[in-house]
file entry_31.cif (mmCIF, C-alpha atoms and all ligand atoms)
data_upload
#
loop_
_atom_site.label_atom_id
_atom_site.label_comp_id
_atom_site.auth_asym_id
_atom_site.auth_seq_id
_atom_site.Cartn_x
_atom_site.Cartn_y
_atom_site.Cartn_z
CA MET A 1 -31.23 -37.94 53.63
CA HIS A 2 -29.83 -34.70 52.27
CA LYS A 3 -32.03 -34.61 49.21
CA LYS A 4 -33.54 -31.33 50.34
CA LEU A 5 -31.80 -28.21 51.58
CA LEU A 6 -34.16 -26.74 54.16
CA ASN A 7 -32.12 -24.57 56.48
CA GLU A 8 -28.57 -23.49 57.17
CA ALA A 9 -26.62 -21.75 59.94
CA THR A 10 -23.15 -20.34 59.19
CA PHE A 11 -20.77 -19.40 62.00
CA HIS A 12 -18.05 -16.93 60.91
CA LEU A 13 -15.25 -17.19 63.45
CA THR A 14 -11.90 -15.55 64.15
CA ILE A 15 -9.65 -17.75 66.29
CA ALA A 16 -6.74 -16.12 68.16
CA ALA A 17 -3.68 -17.84 69.65
CA GLU A 18 -3.46 -17.05 73.36
CA GLY A 19 -0.21 -18.96 73.91
CA PRO A 20 2.11 -21.19 71.88
CA LEU A 21 0.15 -23.00 69.18
CA LEU A 22 1.24 -25.91 66.99
CA VAL A 23 -1.10 -27.69 64.59
CA LYS A 24 0.75 -30.43 62.77
CA LEU A 25 0.02 -32.90 60.06
CA GLY A 26 -1.85 -35.90 61.43
CA THR A 27 -0.20 -38.48 59.20
CA GLU A 28 3.53 -39.10 59.01
CA GLY A 29 5.57 -39.52 55.86
CA TRP A 30 4.19 -36.56 53.94
CA ASP A 31 7.61 -35.00 53.26
CA PRO A 32 10.64 -36.71 54.79
CA THR A 33 12.77 -33.56 54.66
CA VAL A 34 10.40 -31.60 56.90
CA PRO A 35 10.62 -32.12 60.65
CA ASP A 36 7.67 -33.86 62.18
CA MET A 37 7.00 -30.96 64.56
CA GLN A 38 6.39 -28.29 61.96
CA PHE A 39 3.20 -26.24 61.76
CA ILE A 40 1.09 -27.57 58.88
CA ARG A 41 1.40 -25.46 55.70
CA THR A 42 -0.37 -25.05 52.40
CA ARG A 43 -0.46 -22.70 49.43
CA HIS A 44 -3.10 -20.00 49.53
CA ALA A 45 -4.13 -17.60 46.74
CA ARG A 46 -3.80 -14.44 48.89
CA LEU A 47 -1.13 -15.49 51.39
CA GLY A 48 1.18 -17.69 49.30
CA GLU A 49 2.78 -20.44 51.37
CA THR A 50 1.17 -20.20 54.77
CA ILE A 51 0.45 -22.07 57.97
CA PHE A 52 -3.22 -22.88 58.56
CA ILE A 53 -5.54 -24.90 60.80
CA PRO A 54 -7.24 -27.65 58.77
CA GLY A 55 -11.03 -27.77 59.07
CA SER A 56 -10.73 -31.48 59.89
CA SER A 57 -8.57 -30.61 62.89
CA LEU A 58 -11.07 -28.06 64.23
CA LYS A 59 -13.88 -30.48 63.60
CA GLY A 60 -12.12 -33.21 65.58
CA THR A 61 -11.48 -30.79 68.43
CA LEU A 62 -15.07 -29.53 68.66
CA ARG A 63 -16.40 -33.06 68.20
CA SER A 64 -14.49 -34.43 71.15
CA TYR A 65 -15.49 -31.37 73.19
CA SER A 66 -19.17 -31.97 72.30
CA GLU A 67 -18.75 -35.64 73.27
CA LYS A 68 -17.44 -34.48 76.64
CA ILE A 69 -20.49 -32.24 77.15
CA ALA A 70 -22.80 -35.11 76.20
CA ARG A 71 -21.06 -37.71 78.39
CA THR A 72 -21.09 -35.31 81.34
CA LEU A 73 -24.88 -35.29 80.96
CA ASP A 74 -24.95 -39.12 80.74
CA VAL A 75 -25.82 -39.04 77.06
CA TYR A 76 -24.36 -41.93 75.07
CA CYS A 77 -21.66 -41.12 72.51
CA CYS A 78 -19.76 -43.83 70.68
CA ASP A 79 -15.97 -43.92 70.61
CA PRO A 80 -15.44 -43.13 66.91
CA PHE A 81 -12.06 -44.96 66.95
CA HIS A 82 -13.32 -48.15 68.65
CA LYS A 83 -12.88 -51.28 66.52
CA THR A 84 -16.38 -52.66 67.15
CA ASP A 85 -18.48 -50.25 69.23
CA SER A 86 -18.37 -47.11 67.08
CA CYS A 87 -21.46 -46.13 65.05
CA SER A 88 -19.25 -46.50 61.95
CA LYS A 89 -18.78 -50.21 62.78
CA SER A 90 -22.04 -51.16 64.51
CA LEU A 91 -24.26 -49.65 61.80
CA GLU A 92 -22.34 -51.14 58.85
CA GLY A 93 -25.16 -53.62 58.19
CA LEU A 94 -27.68 -50.81 57.78
CA ALA A 95 -25.23 -49.02 55.50
CA ARG A 96 -25.08 -52.08 53.24
CA GLU A 97 -28.89 -51.93 53.03
CA SER A 98 -28.63 -48.15 52.33
CA ASN A 99 -31.09 -47.62 55.18
CA ALA A 100 -30.34 -43.94 55.78
CA THR A 101 -33.30 -43.37 58.10
CA ALA A 102 -32.32 -46.15 60.48
CA ILE A 103 -28.64 -45.11 60.38
CA TYR A 104 -29.51 -41.56 61.42
CA ASP A 105 -32.03 -42.78 63.99
CA GLN A 106 -29.56 -45.18 65.64
CA SER A 107 -26.42 -43.03 65.41
CA CYS A 108 -25.16 -41.44 68.61
CA VAL A 109 -25.44 -37.72 69.30
CA ALA A 110 -21.92 -36.93 68.06
CA CYS A 111 -22.29 -38.93 64.84
CA LYS A 112 -25.69 -37.31 64.15
CA LEU A 113 -24.01 -33.90 64.25
CA TYR A 114 -20.43 -34.54 63.07
CA GLY A 115 -20.94 -37.67 60.94
CA SER A 116 -19.45 -41.15 60.71
CA THR A 117 -18.32 -43.37 57.85
CA ASN A 118 -22.00 -44.28 57.33
CA LEU A 119 -23.48 -40.85 57.71
CA ALA A 120 -22.58 -37.41 56.36
CA GLY A 121 -22.30 -34.93 59.23
CA ARG A 122 -24.54 -31.87 59.39
CA ALA A 123 -21.62 -29.60 60.36
CA ALA A 124 -18.93 -28.74 57.77
CA PHE A 125 -15.69 -27.04 58.87
CA ALA A 126 -13.67 -24.89 56.45
CA ASP A 127 -9.89 -24.57 56.82
CA ALA A 128 -8.86 -21.62 58.99
CA TYR A 129 -6.37 -19.21 57.34
CA PRO A 130 -4.34 -16.44 58.95
CA THR A 131 -5.92 -12.99 58.64
CA VAL A 132 -2.42 -11.55 57.95
CA ASP A 133 0.95 -13.15 57.22
CA LEU A 134 2.15 -14.83 60.42
CA LYS A 135 5.67 -15.95 59.48
CA SER A 136 7.29 -13.46 61.86
CA HIS A 137 5.35 -14.94 64.78
CA LEU A 138 6.57 -18.50 64.19
CA THR A 139 9.33 -19.50 66.59
CA LYS A 140 11.55 -22.57 66.78
CA ARG A 141 11.82 -24.24 70.17
CA THR A 142 13.92 -27.11 71.37
CA ALA A 143 12.65 -29.72 73.76
CA VAL A 144 13.60 -33.05 75.22
CA ALA A 145 11.39 -35.79 76.56
CA ILE A 146 12.44 -36.93 80.01
CA ASP A 147 12.20 -40.55 81.08
CA ARG A 148 9.92 -40.40 84.13
CA VAL A 149 11.62 -43.22 86.00
CA LEU A 150 15.28 -42.62 85.20
CA GLY A 151 15.12 -38.84 84.95
CA SER A 152 17.35 -38.99 81.88
CA VAL A 153 16.65 -37.77 78.37
CA ALA A 154 14.40 -40.33 76.64
CA VAL A 155 13.95 -38.55 73.31
CA GLY A 156 15.58 -35.54 71.82
CA PRO A 157 16.55 -32.85 71.78
CA PHE A 158 14.11 -32.11 68.97
CA ASP A 159 13.03 -28.87 67.34
CA PHE A 160 9.48 -27.83 66.99
CA GLU A 161 7.65 -24.78 65.72
CA ALA A 162 5.21 -22.73 67.73
CA LEU A 163 3.08 -19.77 66.78
CA THR A 164 3.22 -17.15 69.51
CA GLU A 165 0.44 -14.86 68.30
CA GLY A 166 -1.92 -14.48 65.39
CA GLU A 167 -5.48 -14.88 64.19
CA PHE A 168 -7.20 -17.31 61.82
CA ALA A 169 -10.57 -16.84 60.10
CA THR A 170 -12.91 -19.71 59.30
CA THR A 171 -16.53 -20.78 58.90
CA ILE A 172 -18.60 -23.65 60.23
CA ARG A 173 -21.69 -24.46 58.23
CA LEU A 174 -24.56 -26.43 59.73
CA ARG A 175 -27.04 -27.67 57.15
CA ASN A 176 -30.47 -29.23 57.57
CA PHE A 177 -30.16 -28.83 61.29
CA GLU A 178 -32.41 -29.87 64.12
CA LEU A 179 -32.61 -27.22 66.84
CA TRP A 180 -30.73 -29.41 69.35
CA GLN A 181 -27.82 -29.52 66.90
CA LEU A 182 -27.71 -25.72 66.71
CA GLY A 183 -27.72 -25.75 70.52
CA LEU A 184 -24.96 -28.34 70.97
CA LEU A 185 -22.69 -26.86 68.29
CA GLY A 186 -23.45 -23.42 69.74
CA LEU A 187 -22.28 -24.59 73.19
CA ALA A 188 -19.02 -25.90 71.75
CA VAL A 189 -18.46 -22.67 69.76
CA ARG A 190 -19.21 -20.56 72.85
CA ASP A 191 -16.64 -22.50 74.88
CA LEU A 192 -14.07 -22.18 72.08
CA CYS A 193 -14.67 -18.41 72.14
CA LEU A 194 -14.30 -18.30 75.93
CA GLY A 195 -10.94 -20.09 75.80
CA ARG A 196 -12.19 -23.38 77.28
CA VAL A 197 -11.21 -25.54 74.31
CA ARG A 198 -7.58 -26.19 73.39
CA VAL A 199 -6.47 -26.67 69.79
CA GLY A 200 -3.59 -28.62 68.27
CA TYR A 201 -0.54 -30.30 69.74
CA GLY A 202 0.62 -30.43 73.37
CA LYS A 203 -2.65 -29.59 75.13
CA SER A 204 -1.29 -31.01 78.40
CA ARG A 205 1.99 -29.05 78.06
CA GLY A 206 0.54 -25.58 78.00
CA PHE A 207 0.13 -25.47 74.22
CA GLY A 208 -3.04 -24.76 72.29
CA SER A 209 -4.69 -21.97 74.29
CA VAL A 210 -6.98 -20.04 71.97
CA SER A 211 -9.89 -17.66 72.17
CA ALA A 212 -12.34 -16.82 69.41
CA ARG A 213 -14.95 -14.33 68.29
CA LEU A 214 -18.16 -15.09 66.46
CA ASP A 215 -18.02 -12.21 63.99
CA LYS A 216 -21.19 -13.21 62.19
CA LEU A 217 -23.93 -15.78 62.54
CA GLU A 218 -26.04 -16.18 59.44
CA LEU A 219 -29.29 -18.13 59.47
CA ARG A 220 -30.98 -19.08 56.26
CA SER A 221 -34.23 -20.87 55.66
CA ILE A 222 -34.77 -22.10 52.16
CA ALA A 223 -38.09 -23.65 53.13
CA ALA A 224 -40.91 -21.12 53.52
CA GLY A 225 -41.67 -20.03 57.08
CA GLY A 226 -38.43 -21.22 58.62
CA LEU A 227 -37.53 -17.80 60.00
CA ALA A 228 -39.90 -15.12 61.31
CA LEU A 229 -38.73 -11.71 62.51
CA GLY A 230 -41.00 -8.96 63.86
CA ASP A 231 -41.41 -6.65 66.89
CA GLY A 232 -37.93 -7.49 68.12
CA GLU A 233 -38.62 -11.20 68.20
CA LEU A 234 -37.00 -13.88 66.07
CA SER A 235 -38.43 -17.35 65.66
CA VAL A 236 -36.39 -20.15 64.11
CA LYS A 237 -37.54 -23.58 62.97
CA GLY A 238 -35.37 -26.66 62.81
CA ILE A 239 -35.94 -29.16 60.00
CA GLY A 240 -38.36 -31.06 62.26
CA ALA A 241 -40.82 -28.17 62.01
CA LEU A 242 -40.25 -27.76 58.26
CA LEU A 243 -41.24 -31.31 57.36
CA ASP A 244 -44.62 -33.01 57.56
CA ASP A 245 -45.20 -36.07 59.78
CA GLU A 246 -44.42 -38.55 57.06
CA GLU A 247 -41.17 -36.83 56.02
CA ARG A 248 -40.12 -36.37 59.65
CA LYS A 249 -40.37 -40.13 60.12
CA SER A 250 -38.41 -40.78 56.96
CA TYR A 251 -35.67 -38.39 58.15
CA GLY A 252 -35.45 -40.21 61.50
CA ILE A 253 -36.44 -37.12 63.52
CA THR A 254 -38.27 -38.28 66.61
CA SER A 255 -38.05 -35.49 69.18
CA GLU A 256 -41.36 -33.74 69.92
CA ALA A 257 -39.57 -30.45 70.69
CA GLU A 258 -38.33 -30.32 67.08
CA THR A 259 -41.87 -29.78 65.78
CA LYS A 260 -41.94 -26.30 67.34
CA PRO A 261 -39.84 -23.19 66.63
CA VAL A 262 -37.69 -21.43 69.25
CA SER A 263 -38.40 -17.74 69.81
CA VAL A 264 -36.10 -15.14 71.35
CA ALA A 265 -35.86 -11.37 71.68
CA ALA A 266 -33.41 -10.40 68.93
CA ASN A 267 -33.01 -7.87 66.17
CA PRO A 268 -30.67 -9.22 63.49
CA GLU A 269 -30.46 -7.76 59.98
CA GLN A 270 -32.96 -9.31 57.65
CA SER A 271 -32.60 -9.89 53.93
CA ASP A 272 -34.93 -11.44 51.44
CA GLU A 273 -33.44 -14.19 49.40
CA VAL A 274 -34.56 -15.36 45.99
CA LEU A 275 -35.49 -18.53 47.81
CA GLY A 276 -36.65 -18.29 51.40
CA SER A 277 -35.21 -15.77 53.86
CA SER A 278 -32.14 -15.07 55.95
CA VAL A 279 -31.04 -13.11 59.01
CA LEU A 280 -27.58 -11.92 59.97
CA PHE A 281 -26.22 -11.32 63.46
CA LYS A 282 -23.18 -9.05 63.18
CA ARG A 283 -20.81 -8.46 66.07
CA GLU A 284 -19.53 -4.88 66.43
CA SER A 285 -15.76 -4.99 65.91
CA ASN A 286 -15.11 -3.01 69.13
CA SER A 287 -17.47 -5.12 71.24
CA ALA A 288 -16.10 -6.76 74.39
CA ASP A 289 -18.41 -9.73 73.86
CA TRP A 290 -17.63 -12.73 71.67
CA PHE A 291 -21.07 -12.60 70.08
CA ALA A 292 -23.52 -10.17 68.51
CA PRO A 293 -26.54 -9.15 70.62
CA GLY A 294 -29.20 -11.87 70.52
CA VAL A 295 -26.89 -14.76 69.59
CA ASP A 296 -26.43 -15.94 73.17
CA ALA A 297 -30.22 -15.84 73.72
CA LEU A 298 -30.87 -17.87 70.56
CA LEU A 299 -28.23 -20.54 71.22
CA GLY A 300 -29.24 -20.66 74.90
CA GLU A 301 -32.89 -21.22 73.99
CA CYS A 302 -31.97 -24.07 71.63
CA VAL A 303 -30.08 -25.70 74.52
CA LYS A 304 -32.83 -25.11 77.10
CA THR A 305 -35.66 -26.43 74.97
CA ALA A 306 -34.56 -28.64 72.06
CA TRP A 307 -31.28 -30.09 73.43
CA ASN A 308 -32.74 -30.84 76.87
CA SER A 309 -35.80 -32.57 75.36
CA PHE A 310 -33.64 -34.44 72.90
CA ILE A 311 -31.31 -35.86 75.55
CA ALA A 312 -34.24 -36.85 77.80
CA GLU A 313 -35.83 -38.74 74.90
CA ASP A 314 -32.51 -40.24 73.79
CA LYS A 315 -31.89 -41.63 77.29
CA GLN A 316 -35.39 -43.13 77.42
CA ARG A 317 -34.92 -44.78 74.06
CA ARG A 318 -31.55 -46.30 74.96
CA ALA A 319 -32.86 -47.54 78.32
CA LYS A 320 -35.45 -49.72 76.50
ZN ZN A 401 -21.45 -42.45 67.11
#

call {"tool": "encode", "arguments": {"input": "entry_31.cif", "output": "structure tokens"}}
result
Amino acid sequence: MHKKLLNEATFHLTIAAEGPLLVKLGTEGWDPTVPDMQFIRTRHARLGETIFIPGSSLKGTLRSYSEKIARTLDVYCCDPFHKTDSCSKSLEGLARESNATAIYDQSCVACKLYGSTNLAGRAAFADAYPTVDLKSHLTKRTAVAIDRVLGSVAVGPFDFEALTEGEFATTIRLRNFELWQLGLLGLAVRDLCLGRVRVGYGKSRGFGSVSARLDKLELRSIAAGGLALGDGELSVKGIGALLDDEERKSYGITSEAETKPVSVAANPEQSDEVLGSSVLFKRESNSADWFAPGVDALLGECVKTAWNSFIAEDKQRRAK
């Protein structure tokens, strides 16, 4: 499946806490002397011991947000934790046959983008590290859990950490993407930037409000002709338009819209690569917008054309 590297989109993001934030270790028993409600920490070359947001945590958050978008539009997404109905479980037979084409073809929208145990995801999330040391912004809070019926204390009091302010920098890399995937991931990133996606623990208790900025969006086409820029217009091809008919079939790409590029009015920086070409959208640091000029048009066009065609075709296929 990923034998070739044809194209790549890299989102460079800065995520800012807009209220108390706590991202904790998902599994218990990591260090029994550390309270369960501590912000997850690691060692970092520049920062020393530091809190951070694991890439896997951001990935899970944006995945479930993308699933919500898809389900709102009546597009099927599996429950990745379901014992029998997840793509990870239902496509196990195909995995034993190493039938990568059929696995991709039959995986749901979320698994096609974010992956499953049978399929490597197209989107890779790096860990997000603080831009400066944030120790002074970590506070200890005490809470109790109240029994809803009796009104008495059910658990606690217990201490937990919360970050009150601070910023984290990270990247999301989308490789060998179809245009609908750039559109769907773009929608989720936009909503993260606009403060519509909560991160970490206690989302229903007023925790986890964040906003974000897309500092840079880098598009790279390793295949010839994947990006064309001229006269203020940028045209971008997904892998569907970079493969011939035979290869497209073998990659499990079925949507007609993926055979054509999207074109938008945009003027990103262009640089010639040793292999292929790349463009860079750079947000001005004093800009009031979350994106660089042209980014919203590009992501919007991927949604309007490729994502809308893809979901129409996906619904038809599943109705059969
Ligand atoms: Zn799935």

call {"tool": "closest_residue", "arguments": {"input": "entry_31.cif", "among": "A:Gly200, A:Gly115, A:Gly206, A:Pro261", "to": "ligand ZN 401 (chain A)", "atoms": "only C-alpha atoms and all ligand atoms"}}
result
A:Gly115

call {"tool": "closest_residue", "arguments": {"input": "entry_31.cif", "among": "A:Asp191, A:Asn176, A:Gly183, A:Gly202", "to": "Lys4 of chain A", "atoms": "only C-alpha atoms"}}
result
A:Asn176

call {"tool": "residues_near_ligand", "arguments": {"input": "entry_31.cif", "ligand": "ligand ZN 401 (chain A)", "cutoff": "7 Å", "atoms": "all atoms listed in the file", "output": "number ranges by chain"}}
result
A: 77-80, 86-88, 107-111, 116

call {"tool": "atom_distance", "arguments": {"input": "entry_31.cif", "atom1": "atom CA of Ala124 of chain A", "atom2": "atom CA of Leu73 of chain A"}}
result
24.8 Å

call {"tool": "residues_around", "arguments": {"input": "entry_31.cif", "residues": "Arg248 of chain A", "least_positions_apart": "4", "cutoff": "12 Å", "atoms": "only C-alpha atoms", "output": "list in words"}}
result
Met1, Thr101, Tyr104, Asp105, Glu178, Gly238, Ile239, Gly240, Ala241, Leu242, Leu243, Asp244, Gly252, Ile253, Thr254, Ser255, Glu256, Glu258 and Thr259 of chain A
